[in-house]
Structures are given as C-alpha cells and as structure tokens.
Amino acid sequence: MSTEFRRENLAGIAEGLQTTNPTALGKPAFLMNVPFSLAAYVANNAWMEELKGDERKVDRTKAINQFLQLYHFMAADALIYLLPTPKVSGLQDLVYCANMGVVLEHVPDHNTVILSNFSTPVRVPETRVGETFFASMGYQVVEPAYHFEGEAELKHLHDNVYIGGYGTRSDKRVYDWMAETFDMNIIAVEETDPYLYHLDCTVFPLTRETTLVCTEMYKPDEIKQIEAVTDIVAVSLDDCFSGICNSVRLGNTMLNASNIHDMKPGDEYYVEEREKNRKLEDIAVQYAFEVSFFNLSEFLKSGALLSCMVMHLNRKSYDLVLL
C-alpha cells in the first residue's frame with residue numbers, strides 16, 4: 001500500500017468521523033443516561049431535604065420504565081446517545097445529564113464541550129465519566145476552574161448570546177472566563193431561591209427570539225439585560241416551582257414532566273400542577289407548539305424534572321420556525 005494511498009484513506013476516515021459528530025448532524029441530538037445507578041440516598045438539594053429517607057427510596061424498575069417512555073418518544077424524532085453507566089458506586093445523579101456539561105452552540109465546529117465542575121461532593125465523580133465519553137467522541141473537552149453545573153445553568157439564546165445562572169451551584173466568575181475564552185456574550189443572573197437553584201428552573205428558551213423567564217426571580221437590571229436580547233414570556237414563581245421552565249423543546253413539541261394523573265384533586269400540590277400544565281398549554285397554543293407530558297415521579301425523589309435528564313448535543317429544533 002503506497003504512502004499516498006494511506007494518506008488519502010486516512011483523510012477520508014478523518015472526514016467521515018468529523019461529519020458523524022452528533023452535534024453536527026442535521027437533526028436534533030441529545031445525551032441521556034439510563035437510570036441504572038439512580039438513587040437518592042444523599043439529600044443534596046432543598047427538595048430532597050423535605051423528604052424522609054424512606055420517601056426518597058427509588059423504585060428503579062419504575063424509574064427505568066418512566067425513563068423509557070421519555071426516551072422512546074424523543075428517539076422517534078432525534079438521535080439519542082446513551083451515556084454508559086460505569087460500575088462505580090455512588091453515581092446516584094448520573095441520569096441528570098443536563099448537569100454533565102454544555103456543548104457550545106456558537107462555536108463554528110460545534111466541537112467544544114465545557115464540562116461541569118460540581119459543587120456537591122456526591123456529583124464530583126461524574127465529571128470524569130463525562131470527560132471519558134466526550135473525549136472518545138472526538139470533542140474538545142474543557143473543564144473550568146470554577147464551579148459550574150452544565151447546561152442546566154447556561155441557556156443558549158441565539159448567535160453567541162447566552163444566559164448564565166449563578167449562586168448556589170455555579171460561580172459567577174465562570175462566565176467571565178467563558179466570555180473571554182470562547183467569545184461569548186453571557187447575561188449572568190443570580191439565583192437566590194434554594195428551591196430554584198439551577199437556571200432551567202426559571203428560564204426556558206422557547207424559540208431563538210422568545211424565552212420563558214420568571215421575572216419575579218431576578219433583579220430589574222437583570223431583566224432589562226435579558227429584554228435587550230430576547231422577547232420575554234413572563235411565568236410566575238408558582239409555575240416555576242411546579243416545573244414550567246424545566247422543559248425541553250423537540251421540534252414543535254414542548255416536553256414537560258407532570259404526575260398529575262397520580263394525584264387527586266384534594267392533594268397538596270394538585271392545583272399548582274394543574275395550573276402549570278394549563279399555562280404551558282396556553283403558551284403552546286399562542287406559539288403554535290404542542291405539549292407532551294411525562295410522568296417522572298421517581299425522579300422527583302431527587303428533586304429533578306424533565307430538563308434535568310436531557311443534555312443537548314445540538315439545538316437543531318430551534319431551526320424550525322413555526323410562526
């Protein structure tokens with residue numbers, strides 16, 4: 001085999017590998033993890049601290065069935081990569097892939113992943129799992145020096161414009177570093193409610209022009225900065241407690257968690273859940289979306305909702321213009 005022939009073949013292989021990067025595909029691509037290691041032994045957020053130990057016990061079979069309902073729905077219209085679960089004890093939150101890191105949407109080669117730098121000890125080992133996976137896929141993997149918890153804290157709006165949340169889990173300095181290193185325009189907003197400790201609890205980009213924002217949560221100057229780069233659809237604090245912003249867009253559908261069919265009208269949170277669902281349906285009608293709800297009750301034991309379980313490998317859904 002000639003040297004020239006080998007070079008041509010190697011170049012062809014390299015080109016093929018580049019085009020098969022899931023972020024560069026022409027259809028939506030996401031990362032998820034089957035909840036083989038899901039547990040809620042360590043209470044690492046305010047929601048979990050309200051539950052007694054036995055109330056946090058996860059029915060793993062039920063959790064996997066609930067996961068598969070979401071997975072099969074998404075896999076019908078998107079490429080879903082499944083993050084392998086290594087045989088390492090204590091990875092109770094690995095299923096919450098939105099905290100694994102973030103793929104930078106504005107970088108031309110779509111090949112850069114900023115990994116998380118977790119502030120809670122139980123989640124620290126997840127960073128190495130993510131590093132191994134993304135490096136094996138050929139991504140450029142970068143780990144920040146400051147605390148940061150992935151796309152659950154950093155929302156892409158359009159171009160190089162992002163919103164970044166800081167406070168309980170992420171350090172504001174990480175966004176200064178990102179802005180300087182990757183030419184990003186990041187609006188940093190402070191999270192002050194212990195129950196809404198990630199940005200995906202209060203901010204959800206609906207389209208490239210429109211974003212759901214809990215305007216009650218943030219300071220006037222922060223809201224003003226957001227208004228300058230996107231049209232705001234205001235959602236209430238109560239609806240955010242019920243998870244209205246913990247949604248994922250897939251094409252023309254908003255995916256959201258709701259266990260209302262497990263509830264009775266007299267249950268403590270029934271009214272709030274019903275009102276959140278109605279509000280989301282009203283928004284969907286106004287912007288030509290559909291809504292699909294998924295019962296993820298086992299994941300509520302971790303204080304988690306649907307957006308926590310999905311990491312975007314690209315945002316091709318946002319290329320679809322509905323109106």
# chains A, B, ... in the order shown; residues from 1 in each chain; ligands from 1
>>> closest_atom_pairs(of="stretch 73-137 of chain A", to="stretch 150-171 of chain A", cutoff="9 Å", atoms="only C-alpha atoms", output="JSON lines")
{"residue": "A:Cys97", "atom": "CA", "partner": "A:Gly150", "partner_atom": "CA", "distance": 8.6}
{"residue": "A:Ala98", "atom": "CA", "partner": "A:Ala152", "partner_atom": "CA", "distance": 5.4}
{"residue": "A:Asn99", "atom": "CA", "partner": "A:Gly150", "partner_atom": "CA", "distance": 4.4}
{"residue": "A:Met100", "atom": "CA", "partner": "A:Gly150", "partner_atom": "CA", "distance": 5.6}
{"residue": "A:Gly101", "atom": "CA", "partner": "A:Gly150", "partner_atom": "CA", "distance": 3.8}
{"residue": "A:Val102", "atom": "CA", "partner": "A:Glu151", "partner_atom": "CA", "distance": 4.9}
{"residue": "A:Val103", "atom": "CA", "partner": "A:Glu151", "partner_atom": "CA", "distance": 8.0}
{"residue": "A:Leu104", "atom": "CA", "partner": "A:His156", "partner_atom": "CA", "distance": 8.2}
{"residue": "A:Glu105", "atom": "CA", "partner": "A:His156", "partner_atom": "CA", "distance": 7.2}
{"residue": "A:His106", "atom": "CA", "partner": "A:Asn160", "partner_atom": "CA", "distance": 5.2}
{"residue": "A:Val107", "atom": "CA", "partner": "A:Asn160", "partner_atom": "CA", "distance": 8.1}
{"residue": "A:Ile114", "atom": "CA", "partner": "A:Gly150", "partner_atom": "CA", "distance": 7.5}
{"residue": "A:Leu115", "atom": "CA", "partner": "A:Gly150", "partner_atom": "CA", "distance": 6.6}
{"residue": "A:Ser116", "atom": "CA", "partner": "A:Gly150", "partner_atom": "CA", "distance": 5.3}
{"residue": "A:Asn117", "atom": "CA", "partner": "A:Gly150", "partner_atom": "CA", "distance": 8.4}
{"residue": "A:Phe118", "atom": "CA", "partner": "A:Arg169", "partner_atom": "CA", "distance": 7.5}
{"residue": "A:Ser119", "atom": "CA", "partner": "A:Arg169", "partner_atom": "CA", "distance": 5.9}
{"residue": "A:Thr120", "atom": "CA", "partner": "A:Arg169", "partner_atom": "CA", "distance": 8.0}
>>> select_by_dssp(residues="stretch 49-255 of chain A", states="alpha helix (DSSP H)", output="ChimeraX atom specification")
/A:49,60-75,126-136,173-182,220-227,237-241
>>> write_last_selection(atoms="C-alpha atoms", output="short mmCIF file (atom, residue, chain, number, x, y, z; two decimals), in the first residue's frame")
data_model
loop_
_atom_site.label_atom_id
_atom_site.label_comp_id
_atom_site.auth_asym_id
_atom_site.auth_seq_id
_atom_site.Cartn_x
_atom_site.Cartn_y
_atom_site.Cartn_z
CA GLU A 49 -34.27 17.55 52.36
CA ARG A 60 -35.56 1.55 39.97
CA THR A 61 -37.75 -0.66 37.79
CA LYS A 62 -40.43 2.01 37.75
CA ALA A 63 -37.82 4.70 37.13
CA ILE A 64 -36.45 2.83 34.11
CA ASN A 65 -39.95 2.38 32.70
CA GLN A 66 -40.65 6.09 33.12
CA PHE A 67 -37.31 6.90 31.52
CA LEU A 68 -38.04 4.65 28.55
CA GLN A 69 -41.34 6.38 27.86
CA LEU A 70 -39.45 9.66 27.51
CA TYR A 71 -36.58 8.05 25.61
CA HIS A 72 -38.79 6.31 23.03
CA PHE A 73 -40.77 9.50 22.41
CA MET A 74 -37.62 11.52 21.80
CA ALA A 75 -35.85 8.82 19.79
CA GLU A 126 -19.50 12.39 37.23
CA THR A 127 -17.05 14.84 35.65
CA ARG A 128 -14.58 12.06 34.82
CA VAL A 129 -17.39 9.98 33.31
CA GLY A 130 -18.29 12.90 31.05
CA GLU A 131 -14.67 13.60 30.16
CA THR A 132 -14.11 10.00 29.05
CA PHE A 133 -17.29 9.90 26.99
CA PHE A 134 -16.88 13.19 25.16
CA ALA A 135 -13.17 12.70 24.52
CA SER A 136 -13.92 9.29 22.99
CA ARG A 173 -16.56 34.01 37.67
CA VAL A 174 -17.02 31.01 35.36
CA TYR A 175 -18.98 33.19 32.94
CA ASP A 176 -16.24 35.82 32.82
CA TRP A 177 -13.82 33.03 31.93
CA MET A 178 -16.17 31.65 29.24
CA ALA A 179 -16.78 35.07 27.73
CA GLU A 180 -13.07 35.74 27.42
CA THR A 181 -12.07 32.26 26.27
CA PHE A 182 -14.89 31.49 23.82
CA PRO A 220 -34.76 44.73 37.35
CA ASP A 221 -31.36 45.32 35.78
CA GLU A 222 -31.02 41.61 35.02
CA ILE A 223 -34.45 41.54 33.39
CA LYS A 224 -33.54 44.63 31.38
CA GLN A 225 -30.45 42.89 30.03
CA ILE A 226 -32.48 39.84 29.04
CA GLU A 227 -35.15 42.00 27.38
CA LEU A 237 -42.84 31.83 40.61
CA ASP A 238 -45.56 29.29 41.44
CA ASP A 239 -45.42 27.84 37.93
CA CYS A 240 -41.64 27.60 38.21
CA PHE A 241 -41.93 25.69 41.48
#
>>> residues_around(residues="A:Trp47", least_positions_apart="6", cutoff="8 Å", atoms="only C-alpha atoms", output="list in words")
Tyr195, Ser302 and Gly303 of chain A
>>> atom_distance(atom1="atom CA of A:Ile186", atom2="atom CA of A:Val203")
13.9 Å
>>> atom_distance(atom1="atom CA of A:Gln286", atom2="atom CA of A:Val248")
17.4 Å
>>> residues_around(residues="A:Tyr81", least_positions_apart="2", cutoff="10 Å", atoms="only C-alpha atoms", output="ChimeraX atom specification")
/A:22,29-33,75,78-79,83-84,311,313
>>> select_by_dssp(residues="stretch 43-292 of chain A", states="strand (DSSP E)", output="MDAnalysis selection string")
chainID A and resid 79:82 101:103 112:115 140:142 154:158 161:166 185:190 203:205 210:213 231:234 248:250 253:257 290:292
>>> write_last_selection(atoms="C-alpha atoms", output="PDB file, in the first residue's frame")
ATOM      1  CA  LEU A  79     -30.691  10.970  17.766  1.00  0.00           C
ATOM      2  CA  ILE A  80     -30.316   9.965  21.410  1.00  0.00           C
ATOM      3  CA  TYR A  81     -26.875   9.000  22.662  1.00  0.00           C
ATOM      4  CA  LEU A  82     -26.923   6.970  25.867  1.00  0.00           C
ATOM      5  CA  GLY A 101     -21.677  19.958  30.749  1.00  0.00           C
ATOM      6  CA  VAL A 102     -22.658  22.113  27.788  1.00  0.00           C
ATOM      7  CA  VAL A 103     -21.914  21.941  24.073  1.00  0.00           C
ATOM      8  CA  THR A 112     -16.368  22.138  22.235  1.00  0.00           C
ATOM      9  CA  VAL A 113     -17.781  20.757  25.486  1.00  0.00           C
ATOM     10  CA  ILE A 114     -17.375  22.624  28.756  1.00  0.00           C
ATOM     11  CA  LEU A 115     -17.597  20.025  31.499  1.00  0.00           C
ATOM     12  CA  GLN A 140     -12.601  19.188  22.614  1.00  0.00           C
ATOM     13  CA  VAL A 141     -13.217  18.849  26.341  1.00  0.00           C
ATOM     14  CA  VAL A 142     -12.596  21.793  28.663  1.00  0.00           C
ATOM     15  CA  LEU A 154     -26.314  28.035  30.838  1.00  0.00           C
ATOM     16  CA  LYS A 155     -29.004  28.615  28.208  1.00  0.00           C
ATOM     17  CA  HIS A 156     -28.211  29.435  24.588  1.00  0.00           C
ATOM     18  CA  LEU A 157     -30.496  32.065  23.051  1.00  0.00           C
ATOM     19  CA  HIS A 158     -29.029  32.844  19.615  1.00  0.00           C
ATOM     20  CA  VAL A 161     -25.715  35.074  23.339  1.00  0.00           C
ATOM     21  CA  TYR A 162     -26.368  33.035  26.476  1.00  0.00           C
ATOM     22  CA  ILE A 163     -27.954  33.421  29.910  1.00  0.00           C
ATOM     23  CA  GLY A 164     -25.936  32.006  32.805  1.00  0.00           C
ATOM     24  CA  GLY A 165     -27.184  31.373  36.331  1.00  0.00           C
ATOM     25  CA  TYR A 166     -25.008  31.623  39.413  1.00  0.00           C
ATOM     26  CA  ASN A 185     -21.984  37.258  25.401  1.00  0.00           C
ATOM     27  CA  ILE A 186     -23.344  35.921  28.692  1.00  0.00           C
ATOM     28  CA  ILE A 187     -26.013  37.629  30.772  1.00  0.00           C
ATOM     29  CA  ALA A 188     -25.267  36.456  34.310  1.00  0.00           C
ATOM     30  CA  VAL A 189     -28.277  36.306  36.642  1.00  0.00           C
ATOM     31  CA  GLU A 190     -28.242  35.493  40.338  1.00  0.00           C
ATOM     32  CA  VAL A 203     -35.531  30.200  32.170  1.00  0.00           C
ATOM     33  CA  PHE A 204     -36.595  28.215  29.094  1.00  0.00           C
ATOM     34  CA  PRO A 205     -35.716  29.330  25.535  1.00  0.00           C
ATOM     35  CA  THR A 210     -38.639  34.165  22.661  1.00  0.00           C
ATOM     36  CA  THR A 211     -37.779  32.956  26.167  1.00  0.00           C
ATOM     37  CA  LEU A 212     -39.839  31.962  29.187  1.00  0.00           C
ATOM     38  CA  VAL A 213     -38.471  33.830  32.201  1.00  0.00           C
ATOM     39  CA  ASP A 231     -38.692  38.613  23.874  1.00  0.00           C
ATOM     40  CA  ILE A 232     -39.742  37.563  27.373  1.00  0.00           C
ATOM     41  CA  VAL A 233     -42.782  35.459  28.169  1.00  0.00           C
ATOM     42  CA  ALA A 234     -43.232  36.021  31.891  1.00  0.00           C
ATOM     43  CA  VAL A 248     -37.200  20.506  26.561  1.00  0.00           C
ATOM     44  CA  ARG A 249     -38.067  21.514  23.007  1.00  0.00           C
ATOM     45  CA  LEU A 250     -38.158  18.769  20.378  1.00  0.00           C
ATOM     46  CA  THR A 253     -43.265  19.967  20.849  1.00  0.00           C
ATOM     47  CA  MET A 254     -42.538  21.077  24.396  1.00  0.00           C
ATOM     48  CA  LEU A 255     -41.760  18.142  26.677  1.00  0.00           C
ATOM     49  CA  ASN A 256     -42.569  18.586  30.370  1.00  0.00           C
ATOM     50  CA  ALA A 257     -42.890  16.405  33.466  1.00  0.00           C
ATOM     51  CA  GLU A 290     -47.754  21.043  21.066  1.00  0.00           C
ATOM     52  CA  VAL A 291     -47.151  19.812  24.627  1.00  0.00           C
ATOM     53  CA  SER A 292     -46.360  16.288  25.774  1.00  0.00           C
TER      54      SER A 292
END
>>> closest_residue(among="A:Ile260, A:Met184, A:Ala284, A:Ala24", to="A:Tyr139", atoms="only C-alpha atoms")
A:Ala24
>>> residues_around(residues="A:Glu55", least_positions_apart="6", cutoff="10 Å", atoms="only C-alpha atoms", output="PDB file with C-alpha atoms, in the first residue's frame")
ATOM      1  CA  ALA A  40     -31.496   9.380  46.399  1.00  0.00           C
ATOM      2  CA  MET A  48     -34.794  16.190  48.870  1.00  0.00           C
ATOM      3  CA  LYS A 301     -37.444  11.962  44.712  1.00  0.00           C
TER       4      LYS A 301
END
>>> atom_distance(atom1="atom CA of A:Val58", atom2="atom CA of A:Glu275")
27.2 Å
>>> closest_residue(among="A:Phe294, A:Val34, A:Ser236, A:Asn246", to="A:Glu272", atoms="only C-alpha atoms")
A:Ser236
>>> closest_residue(among="A:Cys245, A:Lys276, A:Arg315, A:Ser89", to="A:Cys201", atoms="only C-alpha atoms")
A:Cys245
>>> closest_residue(among="A:Gly90, A:Asn252, A:Val95, A:Gly53", to="A:Phe36", atoms="only C-alpha atoms")
A:Val95
